[in-house]
Amino acid sequence: MSDATYLNDEQAPRISVASPSDYFALLKPRVMSLVVFTALAGLLLAPTPPHPLIGFASLLAIAVGAGASGALNMWYDADIDALMTRTRKRPIPAGRLDPETTLAFGLVLATLSIFTLGYVANWFAAALLAFTILFYVVIYTIWLKRWTPMNIVIGGAAGALPPMVGYAAATGEINLASVVLFAIIFMWTPPHFWSLALLRSEDYARAGVPMLPNVAGEDRTRLEILIYALALAPLGVAPWLMGFASLAYGLVSIGGGIALVAVAAAVFKQREGDAARQAARRMFLFSILYLFLLFLVLVVERTAHIFALI
Amino acid sequence: MVNEMTDAGEKMKKSASLFDRPGVVLTEEQARSRRARNIAIGVTIALLAALFYAVTLVKFGAAIVNRTI
């Protein structure tokens, strides 16, 4: 206890006890790692790769931009985060950070990341990063998330943009290959988050977030997951069919796509009890593995291609 | 007259005691977390400065040595 005495708690100055790790948690590190990975794939697609330091600094700026989006999301969603089991330990609902500080932190990081990417890479990539942050915060978080069950479908565009930002950072433009990577993540997002929503529907209902299971029902959600998986599987093969990925990628994407559809079909079939929850959990986890594998193969073979060039 | 002088003396004592107050004294936890935040900010700014310096060198490339001495 302080030696200074105050008539009541309101008179006492609010002095933060937040640690650097609380600020780091605002960046949503796991989402950030996915953004870095997919942006790296986009960056490596460039015909002439950038200088390694420029590439590293560009990825860092993209990562910080994604982190800023996460912080601004946590600032706006603090009220509903406090109601959901999955999010109630985040820094604001847990009382370790106040909303004003989080807002300032997010805005400073967003500005810093955009101008850093503009300086180290080019201003087209910086504009694309600014659009990504704006889309995630304004279109998804503020507008769509609490309004429509299609929130994750449209909002997913923000999470899908990093490969295009990465490619733009390396080349100053976008090409069809980077748009295909965007499309893969865009189609991957709904079945991934809807399988989570099946597991956490009570959480979302308590917070009043209109996720598909709460609005259209679990059966409709299972059908949508299967439809999206059926659309995603052939789309995942497209990089090989279009000639910017190898046969190894083609085989992984075909095998992964078949497995993804099988897992989604199990979600569609198993509708009751523990079996249904197991199927949804398997879909959630396997979708992460699927996307990770596709981009891992791309990153590895593009890296090998660059070393062969050198 | 005597009363006025006594009042003035009391006021001086009060204002002196204001300066004697410890002001905002941080608890151990507050001081520890502030120190950790300060170190994190310092390290981040130093790394950022180093990164910008290195990136500038790379962007200049060979032209960095093309100057009149």
# chains A, B, ... in the order shown; residues from 1 in each chain; ligands from 1
call {"tool": "residues_around", "arguments": {"residues": "Leu72 of chain A", "least_positions_apart": "5", "cutoff": "12 Å", "atoms": "only C-alpha atoms", "output": "PyMOL selection string"}}
result
chain A and resi 23+26-28+65-67+77-78+92+99-110+133-138+140-142
call {"tool": "interface_residues", "arguments": {"of": "chain B", "to": "chain A", "cutoff": "10 Å", "atoms": "only C-alpha atoms", "output": "ChimeraX atom specification"}}
result
/B:21-41,48,51-52,54-56,58-59
call {"tool": "closest_residue", "arguments": {"among": "A:Ala94, A:Leu128, A:Leu112, A:Leu199", "to": "Glu173 of chain A", "atoms": "only C-alpha atoms"}}
result
A:Leu128
call {"tool": "atom_distance", "arguments": {"atom1": "atom CA of Tyr290 of chain A", "atom2": "atom CA of Ala275 of chain A"}}
result
21.6 Å
call {"tool": "residues_around", "arguments": {"residues": "segment 178-195 of chain A", "least_positions_apart": "6", "cutoff": "7 Å", "atoms": "only C-alpha atoms", "output": "ChimeraX atom specification"}}
result
/A:42,152-153,156-157,160-161,163-164,167,221,225,228-229,232,235-236,280-281,283-284,287
